[in-house]
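Before any comments, here is the structure.
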Amino acid sequence: MLESLNEALEHIESHLDQQIEMAEPARIAMTSEYHFRRMFSALAGIPLSEYVRRRRLTVAGAEVLAGERTLLEIAVRYGYGSGEAFARAFRAMHGVGPGEARRTGAALRSQPRMSFRLTVEGKSSMRYRVIEKEDFRVVGKKVRVPLVHEGVNPAIAEFIRGIDRETIRRITALSDQQPEGIVGVSDNLDPSRAEGTELDYYHGVVTGTAAVPEDLDALTVPAGPWAVFESSGPFPQALQHLWRDVFTQWFPSNPYQSRPGPEILRTRLSQDGTQADAELWIPVERTAA
C-alpha cells in the first residue's frame with residue numbers, strides 16, 4: 001500500500017506543470033480518489049490540494065530565481081490564469097512577490113517532496129470489527145460547523161449546550177439499533193479536510209423505524225459495511241488520535257478503503273469529563289484483490 005502511495009506521489013511530482021486529475025494518482029495507489037485524498041491528509045497532516053499548491057510554488061520559486069523564463073510564462077506553466085493571481089499566491093507562500101524575489105535574490109520557502117514509509121511501533125493493538133448494516137437514519141439536531149483537528153470543537157460544544165434536556169430525552173427515545181444512544185455524526189465534509197472547512201454535525205441517534213418529529217433533522221444512510229473501532233483514553237485527545245490511527249495504521253494494513261458516508265462517534269464520558277470510551281464507525285468497502 002505505501003509503495004503504491006509513493007508511486008502516486010511520484011506521478012504528481014512529474015506533472016506539477018500540468019493539470020492533475022487526481023483520479024490518475026488514485027488509480028496508481030489502487031484506491032478511490034475519495035480514499036486517496038483522505039489517506040494522504042491523515043498521513044501527511046495537510047490536505048492533498050494544499051501539498052500540490054505548495055510544491056508548485058516551490059518549483060516555481062526556483063524558476064523565478066533562475067531568470068530563464070518571464071514571470072508570466074512561469075505563472076501560466078504552473079496553472080495560474082494571470083500574473084496577478086500568481087503574484088498573490090507566491091507572496092502568500094514566500095512572503096515576497098516574484099518580481100522582488102527575482103530582483104533581490106530573496107530567500108524563499110520550500111515544501112519538501114513527501115514520501116511515506118512504515119514505522120512499526122507495536123505499542124498497542126487496535127480493536128475493531130466490520131459489520132453490515134441495512135439502511136438507517138440519523139435523527140436529531142443538525143448544525144454546520146468548522147472542522148477542528150485538535151482539542152474540543154467550540155462550535156459543537158456550544159451547539160450541544162443549546163439543546164434542552166427535553167429535546168435530548170425525545171431524541172434518545174428514538175434510538176433502536178447500534179450504535180445505541182446519543183451519537184455525534186459528521187457528514188458532508190470538504191474533501192480536503194482542511195482545518196476550518198465546514199461539515200454537517202448531527203447530535204442524534206441511529207434509527208431504522210422511528211418516525212421523525214417535525215422539529216428534528218434526519219439523514220438517510222444507505223446500507224453497506226462499516227468498520228467499528230473502539231478506544232479508551234483522555235478526552236478529547238484519544239478520540240482524535242483514534243481517527244488518525246485508523247487512517248495511518250489500520251487502512252494501510254487491511255483490505256479495505258473508506259467509502260462516502262457519514263462518520264459516527266459514540267462517546268461515553270467519565271464523571272469528571274476527562275476520560276472517554278468511544279466507538280468510531282467508518283463506512284468502508286473491500287479493496288480489489
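Residue numbers start at 1 in each chain; chains themselves are named A, B, ... in the order of the C-alpha cells; ligands are numbered from 1 in the order shown.
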
Please provide as a ChimeraX atom specification all residues within 12 Å of Arg244 in chain A, with the sequence filter that same-chain residues fewer than 2 positions apart are discarded (counting only C-alpha atoms). /A:38-45,149-150,229,237-242,246-251,280

Leaving out Leu108 in chain A and any residue of its chain fewer than 5 positions from it, which residues lie within 10 Å of it when counting only C-alpha atoms, given as a PDB file with N, CA and C atoms, in the first residue's frame?
```
ATOM      1  N   LEU A  57       4.450  25.978  -6.048  1.00  0.00           N
ATOM      2  CA  LEU A  57       5.055  27.279  -5.750  1.00  0.00           C
ATOM      3  C   LEU A  57       6.521  27.137  -5.342  1.00  0.00           C
ATOM      4  N   THR A  58       6.895  25.982  -4.802  1.00  0.00           N
ATOM      5  CA  THR A  58       8.302  25.739  -4.508  1.00  0.00           C
ATOM      6  C   THR A  58       9.112  25.633  -5.797  1.00  0.00           C
ATOM      7  N   GLY A  61       9.212  28.907  -7.560  1.00  0.00           N
ATOM      8  CA  GLY A  61      10.159  29.817  -6.921  1.00  0.00           C
ATOM      9  C   GLY A  61      11.562  29.636  -7.454  1.00  0.00           C
ATOM     10  N   ALA A  62      11.952  28.384  -7.661  1.00  0.00           N
ATOM     11  CA  ALA A  62      13.285  28.123  -8.212  1.00  0.00           C
ATOM     12  C   ALA A  62      13.409  28.692  -9.615  1.00  0.00           C
ATOM     13  N   LEU A  65      13.849  32.558  -9.512  1.00  0.00           N
ATOM     14  CA  LEU A  65      15.220  32.958  -9.199  1.00  0.00           C
ATOM     15  C   LEU A  65      16.176  32.659 -10.354  1.00  0.00           C
ATOM     16  N   PHE A  90       2.177  33.480  -4.756  1.00  0.00           N
ATOM     17  CA  PHE A  90       3.614  33.461  -4.496  1.00  0.00           C
ATOM     18  C   PHE A  90       3.937  34.211  -3.211  1.00  0.00           C
ATOM     19  N   ARG A  91       3.341  35.382  -3.054  1.00  0.00           N
ATOM     20  CA  ARG A  91       3.594  36.174  -1.851  1.00  0.00           C
ATOM     21  C   ARG A  91       3.033  35.490  -0.610  1.00  0.00           C
ATOM     22  N   MET A  93       2.876  32.382   0.041  1.00  0.00           N
ATOM     23  CA  MET A  93       3.754  31.297   0.492  1.00  0.00           C
ATOM     24  C   MET A  93       5.143  31.792   0.860  1.00  0.00           C
ATOM     25  N   HIS A  94       5.721  32.633   0.025  1.00  0.00           N
ATOM     26  CA  HIS A  94       7.133  33.006   0.188  1.00  0.00           C
ATOM     27  C   HIS A  94       7.345  34.299   0.962  1.00  0.00           C
ATOM     28  N   GLY A  95       6.274  35.077   1.164  1.00  0.00           N
ATOM     29  CA  GLY A  95       6.419  36.327   1.901  1.00  0.00           C
ATOM     30  C   GLY A  95       6.999  37.457   1.087  1.00  0.00           C
ATOM     31  N   VAL A  96       7.140  37.258  -0.205  1.00  0.00           N
ATOM     32  CA  VAL A  96       7.692  38.279  -1.098  1.00  0.00           C
ATOM     33  C   VAL A  96       7.127  38.028  -2.491  1.00  0.00           C
ATOM     34  N   PRO A  98       7.048  37.732  -6.674  1.00  0.00           N
ATOM     35  CA  PRO A  98       8.011  37.118  -7.584  1.00  0.00           C
ATOM     36  C   PRO A  98       8.956  38.131  -8.224  1.00  0.00           C
ATOM     37  N   ALA A 101      11.493  39.036  -5.600  1.00  0.00           N
ATOM     38  CA  ALA A 101      12.366  37.887  -5.370  1.00  0.00           C
ATOM     39  C   ALA A 101      13.423  37.778  -6.460  1.00  0.00           C
TER      40      ALA A 101
END
```

Contacts of His11 in chain A at 9 Å (only C-alpha atoms; same-chain gap of 5+ positions) as a PyMOL selection string: chain A and resi 6+16+24-25+28

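If only C-alpha atoms are the atoms counted, then among A:Thr31, A:Ser270, A:Gln19, A:Ser4 the closest residue to Gln257 in chain A is A:Thr31.
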
Let's see if you can do this: from backbone DSSP, list all strand (DSSP E) residues in range 162-227 of chain A, as a ChimeraX atom specification. /A:183-187,198-207,217-221,224-227

Deliver the residues from the most recent selection as a file, using N, CA and C atoms, as a short mmCIF file (atom, residue, chain, number, x, y, z; two decimals), in the first residue's frame.
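Listing of selection-v1.cif after writing:
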```
data_model
loop_
_atom_site.label_atom_id
_atom_site.label_comp_id
_atom_site.auth_asym_id
_atom_site.auth_seq_id
_atom_site.Cartn_x
_atom_site.Cartn_y
_atom_site.Cartn_z
N VAL A 183 -25.31 9.90 19.63
CA VAL A 183 -24.06 9.83 18.88
C VAL A 183 -23.79 11.19 18.24
N GLY A 184 -22.53 11.41 17.90
CA GLY A 184 -22.15 12.57 17.11
C GLY A 184 -21.85 12.12 15.70
N VAL A 185 -22.46 12.74 14.71
CA VAL A 185 -22.32 12.31 13.32
C VAL A 185 -21.78 13.46 12.48
N SER A 186 -20.69 13.19 11.76
CA SER A 186 -20.08 14.17 10.86
C SER A 186 -20.36 13.76 9.43
N ASP A 187 -20.88 14.69 8.63
CA ASP A 187 -21.25 14.38 7.25
C ASP A 187 -20.98 15.59 6.37
N GLU A 198 -15.91 23.38 6.53
CA GLU A 198 -17.14 23.12 7.27
C GLU A 198 -17.67 21.71 7.05
N LEU A 199 -18.48 21.25 8.00
CA LEU A 199 -19.13 19.95 7.94
C LEU A 199 -20.50 20.05 8.59
N ASP A 200 -21.36 19.08 8.28
CA ASP A 200 -22.65 18.96 8.94
C ASP A 200 -22.47 18.08 10.17
N TYR A 201 -22.85 18.59 11.33
CA TYR A 201 -22.77 17.81 12.57
C TYR A 201 -24.18 17.53 13.07
N TYR A 202 -24.46 16.25 13.33
CA TYR A 202 -25.74 15.84 13.91
C TYR A 202 -25.50 15.34 15.33
N HIS A 203 -26.29 15.84 16.25
CA HIS A 203 -26.31 15.32 17.62
C HIS A 203 -27.62 14.55 17.72
N GLY A 204 -27.54 13.22 17.59
CA GLY A 204 -28.78 12.46 17.47
C GLY A 204 -28.59 10.99 17.75
N VAL A 205 -29.44 10.18 17.13
CA VAL A 205 -29.42 8.74 17.33
C VAL A 205 -29.56 8.04 15.99
N VAL A 206 -29.24 6.74 16.00
CA VAL A 206 -29.40 5.89 14.81
C VAL A 206 -30.71 5.13 14.97
N THR A 207 -31.54 5.18 13.92
CA THR A 207 -32.84 4.53 14.00
C THR A 207 -33.22 3.96 12.64
N ASP A 217 -34.01 17.01 12.70
CA ASP A 217 -33.39 16.80 11.40
C ASP A 217 -33.09 15.33 11.20
N ALA A 218 -33.05 14.90 9.93
CA ALA A 218 -32.81 13.49 9.64
C ALA A 218 -31.84 13.35 8.47
N LEU A 219 -30.99 12.34 8.55
CA LEU A 219 -30.04 12.00 7.50
C LEU A 219 -30.24 10.53 7.15
N THR A 220 -30.56 10.24 5.89
CA THR A 220 -30.74 8.87 5.44
C THR A 220 -29.39 8.29 5.00
N VAL A 221 -29.05 7.12 5.52
CA VAL A 221 -27.76 6.48 5.25
C VAL A 221 -28.02 5.14 4.57
N GLY A 224 -24.70 -0.88 3.85
CA GLY A 224 -23.32 -1.15 3.48
C GLY A 224 -22.49 -1.59 4.67
N PRO A 225 -21.22 -1.93 4.42
CA PRO A 225 -20.34 -2.36 5.51
C PRO A 225 -19.76 -1.18 6.28
N TRP A 226 -19.52 -1.40 7.56
CA TRP A 226 -18.94 -0.40 8.45
C TRP A 226 -17.82 -1.03 9.26
N ALA A 227 -16.72 -0.31 9.41
CA ALA A 227 -15.67 -0.71 10.34
C ALA A 227 -15.90 0.05 11.64
#
```

Ser231 in chain A: which residues within 7 Å, counting only C-alpha atoms, same-chain residues fewer than 5 positions away excluded, as a list in words?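 Here the qualifying residues turn out to be Leu242, Asp277, Ala278 and Glu279 of chain A.
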
What would the file look like if the residues just selected were written as a short mmCIF file (atom, residue, chain, number, x, y, z; two decimals), in the first residue's frame with C-alpha atoms?
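After the write, result17.cif holds the following:
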```cif
data_model
loop_
_atom_site.label_atom_id
_atom_site.label_comp_id
_atom_site.auth_asym_id
_atom_site.auth_seq_id
_atom_site.Cartn_x
_atom_site.Cartn_y
_atom_site.Cartn_z
CA LEU A 242 -8.20 7.19 17.10
CA ASP A 277 -14.85 5.24 26.00
CA ALA A 278 -15.68 5.56 22.32
CA GLU A 279 -16.77 3.72 19.20
#
```

Range 78-84 of chain A surroundings by only C-alpha atoms, 8 Å radius, close-in-sequence under 2 positions cut, as a list in words: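 Selected residues are Leu16, Asp17, Gln18, Gln19, Arg56, Leu57, Ala60, Leu71, Leu72, Ile74, Ala75, Val76, Phe86, Ala87 and Arg88 of chain A.
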
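Here CA of Pro260 in chain A and CA of Thr287 in chain A stand 14.2 Å from one another.
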
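Shortest atom-to-atom contact with Ala173 in chain A among A:Pro213, A:Glu63, A:Arg161, A:Arg53: A:Pro213, counting only C-alpha atoms.
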
Distance of CA of Ser192 in chain A from CA of Arg37 in chain A, expressed in Å to one decimal place: 6.9 Å

Would you list, as a VMD selection string, the residues of range 45-259 of chain A that end up in alpha helix (DSSP H) under DSSP run on this structure's backbone? chain A and resid 48 to 66 71 to 77 83 to 94 98 to 104 154 to 161 165 to 172 237 to 245 251 to 253

Tell me, as a list in words, which residues lie within 9 Å of Gly208 in chain A, counting only C-alpha atoms; anything in the same chain fewer than 6 positions away does not count. Glu134, Asp135, Phe136, Arg137, Val138, Ser175, Asp176 and Gln177 of chain A

Please provide as a list in words all residues within 7 Å of Gly196 in chain A, with the sequence filter that same-chain residues fewer than 6 positions apart are discarded (counting only C-alpha atoms).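 Selected residues are Pro146, Leu147 and Val148 of chain A.
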
Between A:His35, A:Lys141, A:Arg102, A:His15, which has the minimum distance to Glu285 in chain A (counting only C-alpha atoms)? A:His35

Between A:Glu230, A:Arg268, A:Arg193, A:Ile131, which residue has the minimum interatomic distance to Gly181 in chain A, considering only C-alpha atoms? A:Arg268
